[in-house]
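This report concerns only the one structure given below.
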Amino acid sequence: MKLAQEFIKLPWHFDVERLQLEAQAFAEPDWRAHPSGYAGNSAILLVSANGADNDDLAGAMLPTPQLQRCPYMQQVLASFNTVVGRSRLMRLAPQHSVPPHFDSSYYWFHRIRVHIPILTDPSVSFVCNGKSVHMAPGEAWIFDNWQMHEVIHNSDTYRIHLVFDTCGSASFWRRVAAASSAEANDSSPTAQKKWIPYRAAANVALRTEKANVLPIAEPSEVEVALKDLMQDVEASALNQSGVGALRQLLTNHCHDWRSLWLVHGGNPSAQWAYEELNVRTLAKMDKVGKGLRMASNNAPAYGVLKIRLTAMLRDSGATEAGGAPQSRSAQSVPAQSGARQVRSHPTPPSSTPTSSNTKNLQVAFRKPIFIVAAPRSGSTLLFETLSQSRSLWTVGGESHQQIESINKLNPANREYHSNALSEADADSQTARKLMQNFVVSLVDSDGKRFLDLEEHPKKIRFLEKTPKNALRIPFLRKIFPNAKFIFLHRQPEANISSLMEAWKSGRFVTYKNLPDWPGLPWSLILPPSWQDLKQASLAEIAAFQWQSANQAILEALGSLPRSQWHSLRYEEFLEQPRIHVEQLCEFMEVPFDSRLARATARDLPHSRFTLTPPAADKWKQNADALAPVLPQLQPLVESLKALAEEHALISTLS
């Protein structure tokens, strides 16, 4: 929530010894990892959705069994005379911090988080918008979490805070205003502090959030959220062009939302109509306000608009992990993710998930093509070559964002199990969201966006390449039953060595703060059972990634008809690109056009992710490290060799 100042010290004071007694009664297994994966951050859930073990932002917030063990903490929460939302004990391990971020989730638009330090050290600093404070034990603080903030914790002790989220009652905000005024006048509000002693026999009546979600936001809420965004942009608009166009765009959106509401109300079955309005507005915003930023925290206005429009269609499974660090927040808005509405008269979505945004955009993905491969196996070069075809559409790169921006599919919301997705993950709602994400990002071989075309083809051929999809073939097959797969594999020594170099480079970090991971920041794909690698060497980690990806691909493709998949060795592709691209075009059922002919008439250029120029024996720089791990890969190596021989035989016969 935005505040008039970075920090406000509240006029409450608590029994520190009693708080410490209750907090330290929890055993180590009771603490759970932070939903955003920050290393050294853990929590005890006290109030959560349905009182269960989750980080959900929506649902009836109820006391957990852990809170029942803490009678004084119940009294502390009740003492603020306000409705209590999610509440936790938040712990920082020695020498661990909270990185700079701001809380962009719409959840925070009407909520503030109250911090009550229990265990801390004078050296611990809370920094917000450049201002630093130390929150002492037994105090109560709020801060402006819309601003960039971080916690600097270089001491050798644990830091534990009791925190709770609240929208605040009238009496709560009166006391906040009094405290803020006292600080502004440089006079201490100590005399007005409310002391909350522990009362052994107290009967606590804790008011918690029960009705915090409507499937579709009412028009007035949309208007408030977009008015706030507009005012924030206007505050830094001296040198910003497009402000007037943005103001008109948001006004039009509010008018259209209210019109839809008068037709459909909050009926969840009509969500598709509101989604289409969001898509149309974001597409126009991408044109009129590309460079606009928020005055308060310099965040791109487009990203904030996307978050707020999405939040108007509530996902009860949303969690905190989708919101916070600025780097993650920036990633949550794809660079090409604006979209212009295709239909002027929307129709309800189809029940089948194999068309984009199901039926309402009237675009079918006909036999989409997925390149599946272990990371660093040359799949980017193959993708960049094939995407020059005039017959194919792509999302302009890899689809990490299109997939992982869906809360259900984001590893942070799946306890970082892995990047693997199964058929069970491909429910109709998830399929519809993925289709929409793909459609709004589609570009052709000239870089022209699909949704910017005056006329739209009813069917398209879609090409996609993301290494994580090696672990997602069953998921993709469920959504696209007619999909085709190109399996690219590479000599293990060279591939694994390249994986090692990618880790060392720091350019391919996927999970900077993977929970309980002691080594280099995690890079590239996250296979199942990665937790077993905590003591492994870099060569063992890279070999495990290579093995997991290729084994998963072999197993998944083995159950498909041979007409739906094609295999290719990277080394053979480099040697004879034209021959292999011609074969791939035949497999994909697209023409080998003049662009592909030109692209394969000469040596292929280096891919955009190349670290150092290719060389046949480059892998030998890691030969000593690889020697112990290669023997255990031999069964898989033999399987890939047999596959390559089979492919060569099929090619000869054809």
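By order in the structure tokens, chains are A, B, ...; within a chain, residues start at 1; ligands start at 1, following the order shown.
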Open item on the list: Which residues are close to Phe485 in chain A, i.e. within 12 Å by only C-alpha atoms, leaving aside same-chain residues fewer than 5 positions away? Reply as JSON, numbers by chain.
Closed with: {"A": [367, 368, 369, 370, 371, 372, 373, 462, 463, 464, 465, 469, 470, 472, 473, 474, 476, 477, 480, 553, 554, 556, 557, 558, 560, 561, 562, 563, 564, 565, 566, 567, 568, 584, 587, 588]}
- [ ] Name all residues at most 7 Å from range 138-155 of chain A (count only C-alpha atoms; drop same-chain ones fewer than 4 positions away) and give them as a count of residues only.
- [x] 42
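Of the listed residues A:Leu92, A:Leu488, A:Leu451, A:Ala211, the one whose atoms come nearest to Ala33 in chain A is A:Leu92, with distances taken using only C-alpha atoms.
Between CA of Leu119 in chain A and CA of His134 in chain A the separation is 12.1 Å.
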So that I can see what lies close to Asp30 in chain A, please list as an mmCIF file with N, CA and C atoms, in the first residue's frame the residues with an atom at most 12 Å from it, counting only C-alpha atoms and leaving out residues fewer than 4 positions away in the same chain.
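Wrote it out as around19.cif, contents follow:
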```cif
data_model
loop_
_atom_site.group_PDB
_atom_site.id
_atom_site.type_symbol
_atom_site.label_atom_id
_atom_site.label_comp_id
_atom_site.auth_asym_id
_atom_site.auth_seq_id
_atom_site.Cartn_x
_atom_site.Cartn_y
_atom_site.Cartn_z
ATOM 1 N N ALA A 23 7.719 -17.866 20.004
ATOM 2 C CA ALA A 23 8.367 -18.068 18.698
ATOM 3 C C ALA A 23 9.411 -19.169 18.756
ATOM 4 N N GLN A 24 10.157 -19.231 19.862
ATOM 5 C CA GLN A 24 11.236 -20.208 19.963
ATOM 6 C C GLN A 24 10.739 -21.589 20.356
ATOM 7 N N ALA A 25 9.439 -21.710 20.594
ATOM 8 C CA ALA A 25 8.874 -23.023 20.912
ATOM 9 C C ALA A 25 8.709 -23.885 19.663
ATOM 10 N N PHE A 26 8.805 -23.282 18.486
ATOM 11 C CA PHE A 26 8.667 -24.046 17.250
ATOM 12 C C PHE A 26 9.976 -24.759 16.920
ATOM 13 N N SER A 42 12.480 -18.069 5.943
ATOM 14 C CA SER A 42 11.523 -19.122 6.277
ATOM 15 C C SER A 42 10.401 -18.529 7.125
ATOM 16 N N ALA A 43 9.337 -19.296 7.318
ATOM 17 C CA ALA A 43 8.157 -18.741 7.978
ATOM 18 C C ALA A 43 7.378 -19.814 8.721
ATOM 19 N N ILE A 44 6.632 -19.376 9.710
ATOM 20 C CA ILE A 44 5.594 -20.166 10.382
ATOM 21 C C ILE A 44 4.265 -19.514 10.030
ATOM 22 N N LEU A 45 3.349 -20.262 9.439
ATOM 23 C CA LEU A 45 2.048 -19.708 9.076
ATOM 24 C C LEU A 45 1.157 -19.627 10.312
ATOM 25 N N LEU A 46 0.580 -18.450 10.535
ATOM 26 C CA LEU A 46 -0.293 -18.246 11.689
ATOM 27 C C LEU A 46 -1.747 -18.034 11.275
ATOM 28 N N ASP A 53 -1.796 -25.122 5.017
ATOM 29 C CA ASP A 53 -0.382 -24.889 4.717
ATOM 30 C C ASP A 53 -0.255 -24.377 3.285
ATOM 31 N N PRO A 65 -3.161 -24.200 13.121
ATOM 32 C CA PRO A 65 -2.819 -24.874 14.385
ATOM 33 C C PRO A 65 -1.617 -24.235 15.070
ATOM 34 N N GLN A 66 -0.694 -23.665 14.285
ATOM 35 C CA GLN A 66 0.478 -23.029 14.888
ATOM 36 C C GLN A 66 0.076 -21.808 15.721
ATOM 37 N N LEU A 89 5.092 -15.777 11.252
ATOM 38 C CA LEU A 89 6.409 -15.466 11.793
ATOM 39 C C LEU A 89 7.368 -15.559 10.619
ATOM 40 N N ARG A 91 11.275 -15.428 9.395
ATOM 41 C CA ARG A 91 12.609 -15.595 9.968
ATOM 42 C C ARG A 91 13.683 -15.409 8.897
#
```
Task: For CA of Ser259 in chain A and CA of Leu309 in chain A, the interatomic separation in Å (one decimal) - done: 16.1 Å
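Closest approach to Asp256 in chain A among A:Val222, A:Ala615, A:Leu162, A:Leu574 is made by A:Val222 (distances from only C-alpha atoms).
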- [ ] Rank nothing, just name the residue among A:Ala536, A:Val590, A:Val233, A:Leu471 nearest to Arg247 in chain A, using only C-alpha atoms.
- [x] A:Val233
TODO: Select from range 484-593 of chain A everything DSSP, run on the backbone, classes as strand (DSSP E), then give the selection as a list in words.
DONE: Lys484, Phe485, Ile486, Phe487, Leu488, His489, Val509, Thr510, Tyr511, Trp522, Ser523, Trp565, His566, Ser567, Leu568 and Arg569 of chain A
Could you please take those selected residues and save all heavy atoms as a compact mmCIF listing (two decimals), in the first residue's frame?
```txt
# COMPACT_ATOMS: atom_id res chain seq x y z
N LYS A 484 3.48 -31.84 -33.25
CA LYS A 484 4.64 -32.57 -33.75
C LYS A 484 5.86 -32.14 -32.93
O LYS A 484 5.95 -30.97 -32.51
CB LYS A 484 4.87 -32.26 -35.23
CG LYS A 484 3.86 -32.92 -36.17
CD LYS A 484 4.07 -32.48 -37.61
CE LYS A 484 3.21 -33.31 -38.56
NZ LYS A 484 3.85 -34.59 -38.92
N PHE A 485 6.79 -33.08 -32.73
CA PHE A 485 7.96 -32.81 -31.91
C PHE A 485 9.24 -33.09 -32.69
O PHE A 485 9.35 -34.12 -33.37
CB PHE A 485 7.93 -33.66 -30.63
CG PHE A 485 6.78 -33.34 -29.72
CD1 PHE A 485 5.56 -33.99 -29.86
CD2 PHE A 485 6.91 -32.37 -28.74
CE1 PHE A 485 4.49 -33.70 -29.04
CE2 PHE A 485 5.84 -32.06 -27.90
CZ PHE A 485 4.63 -32.73 -28.05
N ILE A 486 10.18 -32.17 -32.61
CA ILE A 486 11.51 -32.36 -33.18
C ILE A 486 12.48 -32.55 -32.01
O ILE A 486 12.66 -31.64 -31.20
CB ILE A 486 11.94 -31.15 -34.03
CG1 ILE A 486 10.97 -30.94 -35.18
CG2 ILE A 486 13.36 -31.34 -34.55
CD1 ILE A 486 11.22 -29.64 -35.95
N PHE A 487 13.05 -33.72 -31.93
CA PHE A 487 13.98 -34.06 -30.84
C PHE A 487 15.41 -33.85 -31.33
O PHE A 487 15.90 -34.58 -32.19
CB PHE A 487 13.74 -35.51 -30.41
CG PHE A 487 14.70 -36.01 -29.36
CD1 PHE A 487 15.38 -35.16 -28.51
CD2 PHE A 487 14.92 -37.38 -29.22
CE1 PHE A 487 16.25 -35.64 -27.54
CE2 PHE A 487 15.79 -37.88 -28.27
CZ PHE A 487 16.46 -37.00 -27.43
N LEU A 488 16.06 -32.84 -30.78
CA LEU A 488 17.45 -32.55 -31.11
C LEU A 488 18.34 -33.03 -29.97
O LEU A 488 18.10 -32.69 -28.81
CB LEU A 488 17.64 -31.04 -31.31
CG LEU A 488 19.04 -30.59 -31.74
CD1 LEU A 488 19.33 -31.02 -33.17
CD2 LEU A 488 19.18 -29.07 -31.59
N HIS A 489 19.34 -33.82 -30.30
CA HIS A 489 20.27 -34.27 -29.25
C HIS A 489 21.70 -34.08 -29.71
O HIS A 489 21.99 -34.04 -30.92
CB HIS A 489 20.00 -35.72 -28.84
CG HIS A 489 19.95 -36.70 -29.97
ND1 HIS A 489 21.01 -37.50 -30.31
CD2 HIS A 489 18.95 -37.01 -30.85
CE1 HIS A 489 20.68 -38.27 -31.34
NE2 HIS A 489 19.43 -37.99 -31.69
N VAL A 509 21.06 -18.03 -15.28
CA VAL A 509 20.45 -18.29 -13.98
C VAL A 509 18.92 -18.27 -14.13
O VAL A 509 18.35 -17.31 -14.66
CB VAL A 509 20.90 -17.24 -12.95
CG1 VAL A 509 20.12 -17.41 -11.64
CG2 VAL A 509 22.40 -17.37 -12.69
N THR A 510 18.29 -19.31 -13.68
CA THR A 510 16.83 -19.39 -13.72
C THR A 510 16.19 -19.21 -12.34
O THR A 510 15.09 -18.70 -12.23
CB THR A 510 16.37 -20.73 -14.33
OG1 THR A 510 17.12 -21.80 -13.72
CG2 THR A 510 16.61 -20.75 -15.83
N TYR A 511 16.88 -19.64 -11.29
CA TYR A 511 16.34 -19.54 -9.93
C TYR A 511 17.45 -19.06 -9.01
O TYR A 511 18.22 -19.86 -8.46
CB TYR A 511 15.75 -20.89 -9.48
CG TYR A 511 14.74 -21.40 -10.47
CD1 TYR A 511 15.04 -22.45 -11.33
CD2 TYR A 511 13.50 -20.78 -10.58
CE1 TYR A 511 14.11 -22.87 -12.28
CE2 TYR A 511 12.58 -21.19 -11.53
CZ TYR A 511 12.89 -22.24 -12.36
OH TYR A 511 11.99 -22.65 -13.31
N TRP A 522 21.08 -21.40 -9.28
CA TRP A 522 20.65 -22.47 -10.18
C TRP A 522 20.46 -21.92 -11.59
O TRP A 522 19.77 -20.94 -11.81
CB TRP A 522 19.36 -23.11 -9.71
CG TRP A 522 19.05 -24.35 -10.52
CD1 TRP A 522 18.41 -24.40 -11.70
CD2 TRP A 522 19.46 -25.69 -10.22
NE1 TRP A 522 18.37 -25.69 -12.17
CE2 TRP A 522 19.01 -26.51 -11.28
CE3 TRP A 522 20.15 -26.28 -9.16
CZ2 TRP A 522 19.22 -27.89 -11.30
CZ3 TRP A 522 20.35 -27.64 -9.19
CH2 TRP A 522 19.90 -28.44 -10.25
N SER A 523 21.04 -22.64 -12.57
CA SER A 523 20.95 -22.25 -13.97
C SER A 523 20.23 -23.32 -14.77
O SER A 523 20.28 -24.51 -14.45
CB SER A 523 22.34 -22.03 -14.56
OG SER A 523 23.00 -20.95 -13.93
N TRP A 565 6.83 -37.35 -34.47
CA TRP A 565 8.11 -36.86 -33.97
C TRP A 565 9.25 -37.25 -34.91
O TRP A 565 9.16 -38.21 -35.67
CB TRP A 565 8.39 -37.33 -32.55
CG TRP A 565 8.50 -38.81 -32.33
CD1 TRP A 565 7.49 -39.70 -32.23
CD2 TRP A 565 9.72 -39.55 -32.16
NE1 TRP A 565 7.98 -40.96 -32.02
CE2 TRP A 565 9.35 -40.90 -31.96
CE3 TRP A 565 11.06 -39.22 -32.15
CZ2 TRP A 565 10.29 -41.90 -31.75
CZ3 TRP A 565 12.00 -40.22 -31.94
CH2 TRP A 565 11.61 -41.54 -31.74
N HIS A 566 10.27 -36.42 -34.86
CA HIS A 566 11.42 -36.55 -35.73
C HIS A 566 12.66 -36.30 -34.88
O HIS A 566 12.68 -35.37 -34.06
CB HIS A 566 11.33 -35.51 -36.85
CG HIS A 566 12.46 -35.55 -37.84
ND1 HIS A 566 12.36 -36.16 -39.06
CD2 HIS A 566 13.71 -35.02 -37.78
CE1 HIS A 566 13.51 -36.02 -39.72
NE2 HIS A 566 14.33 -35.33 -38.96
N SER A 567 13.70 -37.09 -35.04
CA SER A 567 14.92 -36.90 -34.25
C SER A 567 16.06 -36.45 -35.15
O SER A 567 16.11 -36.76 -36.35
CB SER A 567 15.31 -38.20 -33.53
OG SER A 567 15.66 -39.21 -34.45
N LEU A 568 16.99 -35.72 -34.54
CA LEU A 568 18.09 -35.14 -35.30
C LEU A 568 19.28 -34.90 -34.37
O LEU A 568 19.11 -34.38 -33.26
CB LEU A 568 17.64 -33.80 -35.91
CG LEU A 568 18.69 -32.95 -36.64
CD1 LEU A 568 19.22 -33.70 -37.86
CD2 LEU A 568 18.08 -31.61 -37.05
N ARG A 569 20.49 -35.30 -34.85
CA ARG A 569 21.71 -35.01 -34.10
C ARG A 569 22.20 -33.61 -34.47
O ARG A 569 22.25 -33.23 -35.63
CB ARG A 569 22.80 -36.04 -34.40
CG ARG A 569 22.56 -37.40 -33.76
CD ARG A 569 23.72 -38.34 -34.03
NE ARG A 569 24.94 -37.89 -33.37
CZ ARG A 569 26.07 -37.55 -33.99
NH1 ARG A 569 26.14 -37.60 -35.32
NH2 ARG A 569 27.13 -37.17 -33.32
```
